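Below is one structure, written out as structure tokens; comments come after it.
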Amino acid sequence: MDWLIIVGAIMSGIGLIGLVASALKVMKAKREGLEDAQLRARVQKAMALNMGALGLSVLGLMCVILGVSLS
């Protein structure tokens, strides 16, 4: 079950990169000094990336735990 641990770690790493990218997008939007409606639209787009990345990271950690417990 070593392959499951490796795949899970890769998934978690990609999810972590997505979370950082989401945070950077929000910080960039705040620095641009946009109006309220434009800022909300950008933050909502970043939230979709954030939730997807968080879900991928959780699934990856579940794979790692499953791989360790089955080994």
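Going by the structure tokens order, chains are called A, B, ..., each with residues numbered from 1, while ligands are numbered from 1 in the order shown.
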| Distance query Met1 in chain A at most 12 Å, only C-alpha atoms, self and fewer than 2 positions along chain excluded, as number ranges by chain | A: 3-8, 63-71
| query | Neighbours of Met11 in chain A within 7 Å (only C-alpha atoms; same-chain residues fewer than 5 positions away dropped), as a list in words? | reply |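 Residues near the query, excluding close chain neighbours: Leu56, Ser57 and Gly60 of chain A.
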Selection file, C-alpha atoms, as a JSON list (two decimals), in the first residue's frame:
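selection26.json written:
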[["chain", "number", "residue", "atom", "x", "y", "z"],
["A", 56, "LEU", "CA", -8.36, 17.61, -2.62],
["A", 57, "SER", "CA", -6.10, 18.01, 0.38],
["A", 60, "GLY", "CA", -5.15, 13.08, -0.06]]
| Shell around Leu19 in chain A at 12 Å using only C-alpha atoms, local window under 2 positions removed, as a PyMOL selection string | chain A and resi 12-17+21-26+46-58
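Across the model, the gap from CA of Met62 in chain A to CA of Val20 in chain A is 20.4 Å.
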